[in-house]
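Reviewing the structure listed below.
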Amino acid sequence: MIREPRKPIIIPEDVKPSRDFLKVDGVFNCGAAKLGDEYILLCRVAESCREQEEGYVNIPVYDERAERLKIERISLEEIRNRYDMSDSRMIYRKNAGGIKKIKYLTSISHLRLARSRDGIHFKMDEQPALPLQGRYERWGMEDPRITYMEEEGRYCITYTAVSDLGVMPALLITEDFEEYERIGAIFPPENKDVTIFPRKIGGLYYACHRPVPCEIGTPDIWISSSPDLLHWGEHRHLCGVSEEGWENGRIGSGAPPIYTDRGWLHIYHGADAENRYCLGAMLTDLTEPGKIIAKSRRPVLEPVEAYEREGFFGGVVFACGCVEKDSVLSVYYGAADDKIARAVVPLDEIFRSMETEEAK
């Protein structure tokens, strides 16, 4: 992939905080689409408290009863005695058995629109695209994916609703990115990385998702079908982690599948045991989308640039959105969990990077 010379294309300084008492920690992991002549990015914006009280850590949390943000205060003494803050993204609580459980996220995320005429220079809206809502978004909305359903003339937006009850995929529907219909949760926790196919196959909707097993199994990509986008079944394992190498920790769908004459093109992410995230590519059959035709054995994009290796959580390239035009794919990806970058690649190059299943 060829990185955009203006790199990255959106940084936290480009984003106005949604509240006076918050600061923007990152803008990243955006869904991407075309709306008329405009490129649309629906970005994840992570914010934390601008000021911290002496002796405490302040954390923003959505109060669904009051329908507003509130601040949770944790004393540094309590953190030293009961919690682990070695990961910049979250605060863990250890139980007597030594198992780490997430007690808080250090930031709260919402979805924000950015618009562009050329796909490179974006103007960010000053306010969230829609407010947080309900019990399941107490800790925010994350990692949107946008699928344009051409036959229906509407956009399906999946995102991760986060709360102390777990992380679960939810669905929005829009025609214009002005008004949104909230469908709600479509998979139970713990699950994420849901990408909806842009066409029905055999009269059914299809989606990839990534359940997270607790005791047995690994975080892999699964595929499911639905008659109505709400009730999902026929869950089948699609692709698993490798025993070693760049995707031996977890994998998950990135951008929604792209229709090509060779098959459904999937740009997905993989992470190793050290939480280094790369991008891979995979083709599945047009009529049997759960059948893999070919797959990249090496990453198609790795975190090698300084802005990919250094940031809120370094060593990460993570794509939620792509736009295809004239057989060239523009990949919009989060870099180091705090900025958005762009890379382009001809579809033929992606195809050449993959080995067929028969060649394995």
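Residue numbers start at 1 in each chain; chains themselves are named A, B, ... in the order of the structure tokens; ligands are numbered from 1 in the order shown.
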Each region 24-111 of chain A residue no farther than 8 Å from region 156-178 of chain A, nearest pair in Å, only C-alpha atoms, as a tab-separated table:
residue	atom	partner	partner_atom	distance
A:Leu35	CA	A:Asp176	CA	7.6
A:Lys103	CA	A:Asp164	CA	7.5
A:Tyr104	CA	A:Asp164	CA	7.8
**Prompt:** Residues at most 9 Å from region 243-246 of chain A, counting only C-alpha atoms, excluding those fewer than 6 positions away in the same chain, as an MDAnalysis selection string?
**Reply:** chainID A and resid 270:273 276:278 298:299
**All residues 8 Å or closer to region 279-290 of chain A, only C-alpha atoms, same chain fewer than 4 positions away omitted, as a count of residues only** = 29
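With CA of Thr260 (chain A) on one side and CA of Ser327 (chain A) on the other, the separation reads 9.3 Å.
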**Request:** Would you kindly return, as number ranges by chain, each protein, DNA or RNA residue with an atom no farther than 10 Å from any atom of Glu67 (chain A), considering only C-alpha atoms and excluding same-chain residues fewer than 6 positions away?
**Result:** A: 131-134, 138
**Request:** Please indicate the distance in Å from CA of Pro188 (chain A) to CA of Ile102 (chain A), rounded to one decimal place.
**Result:** 17.9 Å
**Request:** Write out as a VMD selection string the residues lying within 7 Å of region 40-44 of chain A, counting only C-alpha atoms and excluding same-chain residues fewer than 6 positions away.
**Result:** chain A and resid 27 to 34 109 to 116 142 to 144
Only N, CA and C atoms, please: the residues just picked out, written as a PDB file, in the first residue's frame.
ATOM      1  N   VAL A  27      -8.449  10.562  17.446  1.00  0.00           N
ATOM      2  CA  VAL A  27      -9.466  10.426  16.399  1.00  0.00           C
ATOM      3  C   VAL A  27      -8.956   9.324  15.486  1.00  0.00           C
ATOM      4  N   PHE A  28      -9.728   8.241  15.333  1.00  0.00           N
ATOM      5  CA  PHE A  28      -9.174   7.055  14.680  1.00  0.00           C
ATOM      6  C   PHE A  28     -10.295   6.096  14.314  1.00  0.00           C
ATOM      7  N   ASN A  29      -9.938   4.962  13.716  1.00  0.00           N
ATOM      8  CA  ASN A  29     -10.844   3.840  13.428  1.00  0.00           C
ATOM      9  C   ASN A  29     -12.175   4.317  12.844  1.00  0.00           C
ATOM     10  N   CYS A  30     -12.108   4.862  11.627  1.00  0.00           N
ATOM     11  CA  CYS A  30     -13.274   5.491  10.999  1.00  0.00           C
ATOM     12  C   CYS A  30     -13.905   4.592   9.946  1.00  0.00           C
ATOM     13  N   GLY A  31     -15.233   4.623   9.875  1.00  0.00           N
ATOM     14  CA  GLY A  31     -15.935   4.077   8.728  1.00  0.00           C
ATOM     15  C   GLY A  31     -15.812   5.054   7.570  1.00  0.00           C
ATOM     16  N   ALA A  32     -15.931   4.563   6.340  1.00  0.00           N
ATOM     17  CA  ALA A  32     -15.754   5.419   5.161  1.00  0.00           C
ATOM     18  C   ALA A  32     -16.828   5.107   4.130  1.00  0.00           C
ATOM     19  N   ALA A  33     -17.270   6.153   3.411  1.00  0.00           N
ATOM     20  CA  ALA A  33     -18.301   5.976   2.384  1.00  0.00           C
ATOM     21  C   ALA A  33     -18.284   7.176   1.452  1.00  0.00           C
ATOM     22  N   LYS A  34     -18.973   7.046   0.319  1.00  0.00           N
ATOM     23  CA  LYS A  34     -19.254   8.162  -0.582  1.00  0.00           C
ATOM     24  C   LYS A  34     -20.727   8.538  -0.422  1.00  0.00           C
ATOM     25  N   SER A 109     -15.676   7.320  24.066  1.00  0.00           N
ATOM     26  CA  SER A 109     -15.669   7.606  22.632  1.00  0.00           C
ATOM     27  C   SER A 109     -17.067   7.910  22.115  1.00  0.00           C
ATOM     28  N   HIS A 110     -17.112   8.780  21.113  1.00  0.00           N
ATOM     29  CA  HIS A 110     -18.354   9.026  20.371  1.00  0.00           C
ATOM     30  C   HIS A 110     -18.020   9.021  18.888  1.00  0.00           C
ATOM     31  N   LEU A 111     -19.033   9.152  18.038  1.00  0.00           N
ATOM     32  CA  LEU A 111     -18.849   9.129  16.584  1.00  0.00           C
ATOM     33  C   LEU A 111     -18.994  10.548  16.044  1.00  0.00           C
ATOM     34  N   ARG A 112     -18.052  10.939  15.169  1.00  0.00           N
ATOM     35  CA  ARG A 112     -18.020  12.306  14.632  1.00  0.00           C
ATOM     36  C   ARG A 112     -17.785  12.239  13.123  1.00  0.00           C
ATOM     37  N   LEU A 113     -18.503  13.061  12.367  1.00  0.00           N
ATOM     38  CA  LEU A 113     -18.389  13.087  10.910  1.00  0.00           C
ATOM     39  C   LEU A 113     -17.276  14.002  10.444  1.00  0.00           C
ATOM     40  N   ALA A 114     -16.594  13.569   9.378  1.00  0.00           N
ATOM     41  CA  ALA A 114     -15.644  14.407   8.646  1.00  0.00           C
ATOM     42  C   ALA A 114     -15.987  14.297   7.171  1.00  0.00           C
ATOM     43  N   ARG A 115     -15.867  15.425   6.435  1.00  0.00           N
ATOM     44  CA  ARG A 115     -16.283  15.464   5.031  1.00  0.00           C
ATOM     45  C   ARG A 115     -15.158  16.000   4.158  1.00  0.00           C
ATOM     46  N   SER A 116     -15.139  15.522   2.904  1.00  0.00           N
ATOM     47  CA  SER A 116     -14.075  15.924   1.982  1.00  0.00           C
ATOM     48  C   SER A 116     -14.567  15.811   0.544  1.00  0.00           C
ATOM     49  N   GLU A 142     -17.825   2.960  19.648  1.00  0.00           N
ATOM     50  CA  GLU A 142     -16.488   2.786  19.078  1.00  0.00           C
ATOM     51  C   GLU A 142     -16.538   2.141  17.696  1.00  0.00           C
ATOM     52  N   ASP A 143     -15.494   2.385  16.917  1.00  0.00           N
ATOM     53  CA  ASP A 143     -15.118   1.643  15.709  1.00  0.00           C
ATOM     54  C   ASP A 143     -16.265   1.408  14.722  1.00  0.00           C
ATOM     55  N   PRO A 144     -16.815   2.480  14.133  1.00  0.00           N
ATOM     56  CA  PRO A 144     -17.925   2.326  13.185  1.00  0.00           C
ATOM     57  C   PRO A 144     -17.464   1.763  11.842  1.00  0.00           C
TER      58      PRO A 144
END
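Between CA of Thr218 (chain A) and CA of Phe187 (chain A) lies a distance of 17.8 Å.
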Mind the document's chain letters and residue numbers, and return as a PDB file with all heavy atoms, in the first residue's frame the residues of region 118-358 of chain A that DSSP labels helix (DSSP H, G or I).
ATOM      1  N   ARG A 135     -28.234   2.294  28.322  1.00  0.00           N
ATOM      2  CA  ARG A 135     -27.366   1.568  29.256  1.00  0.00           C
ATOM      3  C   ARG A 135     -26.147   0.975  28.588  1.00  0.00           C
ATOM      4  O   ARG A 135     -25.060   0.919  29.187  1.00  0.00           O
ATOM      5  CB  ARG A 135     -28.200   0.446  29.908  1.00  0.00           C
ATOM      6  CG  ARG A 135     -27.436  -0.449  30.871  1.00  0.00           C
ATOM      7  CD  ARG A 135     -27.068   0.305  32.135  1.00  0.00           C
ATOM      8  NE  ARG A 135     -26.449  -0.571  33.119  1.00  0.00           N
ATOM      9  CZ  ARG A 135     -25.150  -0.878  33.120  1.00  0.00           C
ATOM     10  NH1 ARG A 135     -24.336  -0.362  32.204  1.00  0.00           N
ATOM     11  NH2 ARG A 135     -24.665  -1.682  34.054  1.00  0.00           N
ATOM     12  N   TYR A 136     -26.288   0.530  27.351  1.00  0.00           N
ATOM     13  CA  TYR A 136     -25.193  -0.191  26.702  1.00  0.00           C
ATOM     14  C   TYR A 136     -24.110   0.734  26.166  1.00  0.00           C
ATOM     15  O   TYR A 136     -23.079   0.251  25.689  1.00  0.00           O
ATOM     16  CB  TYR A 136     -25.723  -1.068  25.571  1.00  0.00           C
ATOM     17  CG  TYR A 136     -26.783  -2.061  25.996  1.00  0.00           C
ATOM     18  CD1 TYR A 136     -27.819  -2.404  25.148  1.00  0.00           C
ATOM     19  CD2 TYR A 136     -26.735  -2.659  27.257  1.00  0.00           C
ATOM     20  CE1 TYR A 136     -28.799  -3.309  25.540  1.00  0.00           C
ATOM     21  CE2 TYR A 136     -27.701  -3.564  27.659  1.00  0.00           C
ATOM     22  CZ  TYR A 136     -28.734  -3.879  26.801  1.00  0.00           C
ATOM     23  OH  TYR A 136     -29.705  -4.776  27.196  1.00  0.00           O
ATOM     24  N   GLU A 137     -24.317   2.042  26.211  1.00  0.00           N
ATOM     25  CA  GLU A 137     -23.311   3.003  25.733  1.00  0.00           C
ATOM     26  C   GLU A 137     -22.725   3.816  26.880  1.00  0.00           C
ATOM     27  O   GLU A 137     -22.198   4.908  26.681  1.00  0.00           O
ATOM     28  CB  GLU A 137     -23.933   3.913  24.661  1.00  0.00           C
ATOM     29  CG  GLU A 137     -24.320   3.146  23.409  1.00  0.00           C
ATOM     30  CD  GLU A 137     -25.021   3.992  22.350  1.00  0.00           C
ATOM     31  OE1 GLU A 137     -25.021   5.235  22.487  1.00  0.00           O
ATOM     32  OE2 GLU A 137     -25.574   3.401  21.400  1.00  0.00           O
ATOM     33  N   ALA A 306       6.638   6.429  11.996  1.00  0.00           N
ATOM     34  CA  ALA A 306       6.669   6.924  13.374  1.00  0.00           C
ATOM     35  C   ALA A 306       5.274   7.177  13.913  1.00  0.00           C
ATOM     36  O   ALA A 306       4.974   6.861  15.079  1.00  0.00           O
ATOM     37  CB  ALA A 306       7.509   8.202  13.446  1.00  0.00           C
ATOM     38  N   TYR A 307       4.366   7.722  13.064  1.00  0.00           N
ATOM     39  CA  TYR A 307       3.024   8.028  13.546  1.00  0.00           C
ATOM     40  C   TYR A 307       2.167   6.779  13.723  1.00  0.00           C
ATOM     41  O   TYR A 307       1.088   6.836  14.315  1.00  0.00           O
ATOM     42  CB  TYR A 307       2.316   9.020  12.615  1.00  0.00           C
ATOM     43  CG  TYR A 307       2.134   8.561  11.188  1.00  0.00           C
ATOM     44  CD1 TYR A 307       1.025   7.824  10.804  1.00  0.00           C
ATOM     45  CD2 TYR A 307       3.080   8.880  10.214  1.00  0.00           C
ATOM     46  CE1 TYR A 307       0.850   7.410   9.500  1.00  0.00           C
ATOM     47  CE2 TYR A 307       2.907   8.469   8.891  1.00  0.00           C
ATOM     48  CZ  TYR A 307       1.794   7.733   8.551  1.00  0.00           C
ATOM     49  OH  TYR A 307       1.639   7.329   7.243  1.00  0.00           O
ATOM     50  N   GLU A 308       2.630   5.628  13.218  1.00  0.00           N
ATOM     51  CA  GLU A 308       1.957   4.351  13.435  1.00  0.00           C
ATOM     52  C   GLU A 308       2.542   3.605  14.640  1.00  0.00           C
ATOM     53  O   GLU A 308       1.842   2.866  15.314  1.00  0.00           O
ATOM     54  CB  GLU A 308       2.070   3.478  12.187  1.00  0.00           C
ATOM     55  CG  GLU A 308       1.431   4.101  10.957  1.00  0.00           C
ATOM     56  CD  GLU A 308       1.875   3.452   9.654  1.00  0.00           C
ATOM     57  OE1 GLU A 308       2.905   2.737   9.655  1.00  0.00           O
ATOM     58  OE2 GLU A 308       1.208   3.669   8.633  1.00  0.00           O
ATOM     59  N   ARG A 309       3.813   3.849  14.885  1.00  0.00           N
ATOM     60  CA  ARG A 309       4.485   3.171  15.989  1.00  0.00           C
ATOM     61  C   ARG A 309       4.334   3.912  17.313  1.00  0.00           C
ATOM     62  O   ARG A 309       4.442   3.297  18.384  1.00  0.00           O
ATOM     63  CB  ARG A 309       5.975   3.007  15.670  1.00  0.00           C
ATOM     64  CG  ARG A 309       6.264   2.033  14.539  1.00  0.00           C
ATOM     65  CD  ARG A 309       7.748   1.846  14.312  1.00  0.00           C
ATOM     66  NE  ARG A 309       8.362   3.019  13.686  1.00  0.00           N
ATOM     67  CZ  ARG A 309       9.123   3.901  14.298  1.00  0.00           C
ATOM     68  NH1 ARG A 309       9.376   3.768  15.602  1.00  0.00           N
ATOM     69  NH2 ARG A 309       9.640   4.923  13.654  1.00  0.00           N
ATOM     70  N   LEU A 347      -6.429  -2.702  -6.874  1.00  0.00           N
ATOM     71  CA  LEU A 347      -6.995  -4.004  -6.540  1.00  0.00           C
ATOM     72  C   LEU A 347      -6.125  -5.147  -7.055  1.00  0.00           C
ATOM     73  O   LEU A 347      -5.989  -6.184  -6.390  1.00  0.00           O
ATOM     74  CB  LEU A 347      -8.411  -4.123  -7.105  1.00  0.00           C
ATOM     75  CG  LEU A 347      -9.486  -3.267  -6.444  1.00  0.00           C
ATOM     76  CD1 LEU A 347     -10.837  -3.504  -7.128  1.00  0.00           C
ATOM     77  CD2 LEU A 347      -9.599  -3.551  -4.956  1.00  0.00           C
ATOM     78  N   ASP A 348      -5.528  -4.973  -8.230  1.00  0.00           N
ATOM     79  CA  ASP A 348      -4.672  -6.027  -8.778  1.00  0.00           C
ATOM     80  C   ASP A 348      -3.503  -6.337  -7.849  1.00  0.00           C
ATOM     81  O   ASP A 348      -3.071  -7.496  -7.754  1.00  0.00           O
ATOM     82  CB  ASP A 348      -4.150  -5.627 -10.160  1.00  0.00           C
ATOM     83  CG  ASP A 348      -5.204  -5.771 -11.242  1.00  0.00           C
ATOM     84  OD1 ASP A 348      -6.232  -6.432 -10.984  1.00  0.00           O
ATOM     85  OD2 ASP A 348      -5.015  -5.230 -12.352  1.00  0.00           O
ATOM     86  N   GLU A 349      -2.959  -5.312  -7.175  1.00  0.00           N
ATOM     87  CA  GLU A 349      -1.856  -5.544  -6.240  1.00  0.00           C
ATOM     88  C   GLU A 349      -2.331  -6.364  -5.044  1.00  0.00           C
ATOM     89  O   GLU A 349      -1.613  -7.250  -4.562  1.00  0.00           O
ATOM     90  CB  GLU A 349      -1.279  -4.206  -5.767  1.00  0.00           C
ATOM     91  CG  GLU A 349      -0.507  -3.435  -6.823  1.00  0.00           C
ATOM     92  CD  GLU A 349       0.803  -4.111  -7.187  1.00  0.00           C
ATOM     93  OE1 GLU A 349       1.375  -4.815  -6.327  1.00  0.00           O
ATOM     94  OE2 GLU A 349       1.254  -3.948  -8.336  1.00  0.00           O
ATOM     95  N   ILE A 350      -3.528  -6.056  -4.570  1.00  0.00           N
ATOM     96  CA  ILE A 350      -4.089  -6.833  -3.464  1.00  0.00           C
ATOM     97  C   ILE A 350      -4.279  -8.283  -3.882  1.00  0.00           C
ATOM     98  O   ILE A 350      -3.922  -9.218  -3.154  1.00  0.00           O
ATOM     99  CB  ILE A 350      -5.434  -6.232  -3.000  1.00  0.00           C
ATOM    100  CG1 ILE A 350      -5.215  -4.899  -2.285  1.00  0.00           C
ATOM    101  CG2 ILE A 350      -6.171  -7.199  -2.086  1.00  0.00           C
ATOM    102  CD1 ILE A 350      -4.668  -5.021  -0.895  1.00  0.00           C
ATOM    103  N   PHE A 351      -4.825  -8.488  -5.081  1.00  0.00           N
ATOM    104  CA  PHE A 351      -5.036  -9.858  -5.556  1.00  0.00           C
ATOM    105  C   PHE A 351      -3.718 -10.621  -5.654  1.00  0.00           C
ATOM    106  O   PHE A 351      -3.641 -11.798  -5.307  1.00  0.00           O
ATOM    107  CB  PHE A 351      -5.738  -9.842  -6.920  1.00  0.00           C
ATOM    108  CG  PHE A 351      -7.138  -9.283  -6.887  1.00  0.00           C
ATOM    109  CD1 PHE A 351      -7.631  -8.543  -7.952  1.00  0.00           C
ATOM    110  CD2 PHE A 351      -7.962  -9.490  -5.796  1.00  0.00           C
ATOM    111  CE1 PHE A 351      -8.919  -8.019  -7.929  1.00  0.00           C
ATOM    112  CE2 PHE A 351      -9.248  -8.978  -5.751  1.00  0.00           C
ATOM    113  CZ  PHE A 351      -9.724  -8.237  -6.820  1.00  0.00           C
ATOM    114  N   ARG A 352      -2.671  -9.925  -6.116  1.00  0.00           N
ATOM    115  CA  ARG A 352      -1.378 -10.603  -6.267  1.00  0.00           C
ATOM    116  C   ARG A 352      -0.740 -10.933  -4.919  1.00  0.00           C
ATOM    117  O   ARG A 352       0.132 -11.806  -4.844  1.00  0.00           O
ATOM    118  CB  ARG A 352      -0.433  -9.744  -7.093  1.00  0.00           C
ATOM    119  CG  ARG A 352      -0.677  -9.827  -8.597  1.00  0.00           C
ATOM    120  CD  ARG A 352       0.505  -9.259  -9.375  1.00  0.00           C
ATOM    121  NE  ARG A 352       0.564  -7.809  -9.272  1.00  0.00           N
ATOM    122  CZ  ARG A 352      -0.034  -6.977 -10.129  1.00  0.00           C
ATOM    123  NH1 ARG A 352      -0.753  -7.464 -11.122  1.00  0.00           N
ATOM    124  NH2 ARG A 352       0.071  -5.669  -9.982  1.00  0.00           N
ATOM    125  N   GLU A 357      -6.229 -20.918  -1.564  1.00  0.00           N
ATOM    126  CA  GLU A 357      -6.253 -21.966  -0.549  1.00  0.00           C
ATOM    127  C   GLU A 357      -5.597 -23.248  -1.062  1.00  0.00           C
ATOM    128  O   GLU A 357      -4.978 -23.981  -0.309  1.00  0.00           O
ATOM    129  CB  GLU A 357      -7.685 -22.236  -0.117  1.00  0.00           C
ATOM    130  CG  GLU A 357      -8.277 -21.126   0.735  1.00  0.00           C
ATOM    131  CD  GLU A 357      -7.509 -20.925   2.023  1.00  0.00           C
ATOM    132  OE1 GLU A 357      -7.693 -21.714   2.967  1.00  0.00           O
ATOM    133  OE2 GLU A 357      -6.721 -19.961   2.079  1.00  0.00           O
ATOM    134  N   GLU A 358      -5.705 -23.480  -2.369  1.00  0.00           N
ATOM    135  CA  GLU A 358      -5.097 -24.687  -2.935  1.00  0.00           C
ATOM    136  C   GLU A 358      -3.575 -24.613  -2.897  1.00  0.00           C
ATOM    137  O   GLU A 358      -2.885 -25.635  -2.844  1.00  0.00           O
ATOM    138  CB  GLU A 358      -5.549 -24.877  -4.400  1.00  0.00           C
ATOM    139  CG  GLU A 358      -6.997 -25.260  -4.549  1.00  0.00           C
ATOM    140  CD  GLU A 358      -7.945 -24.093  -4.392  1.00  0.00           C
ATOM    141  OE1 GLU A 358      -7.466 -22.941  -4.300  1.00  0.00           O
ATOM    142  OE2 GLU A 358      -9.176 -24.299  -4.360  1.00  0.00           O
TER     143      GLU A 358
END
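The smallest atom-to-atom distance between Pro12 (chain A) and any of A:Phe312, A:Asn275, A:Tyr332, A:Ile79, using only C-alpha atoms, is found for A:Phe312.
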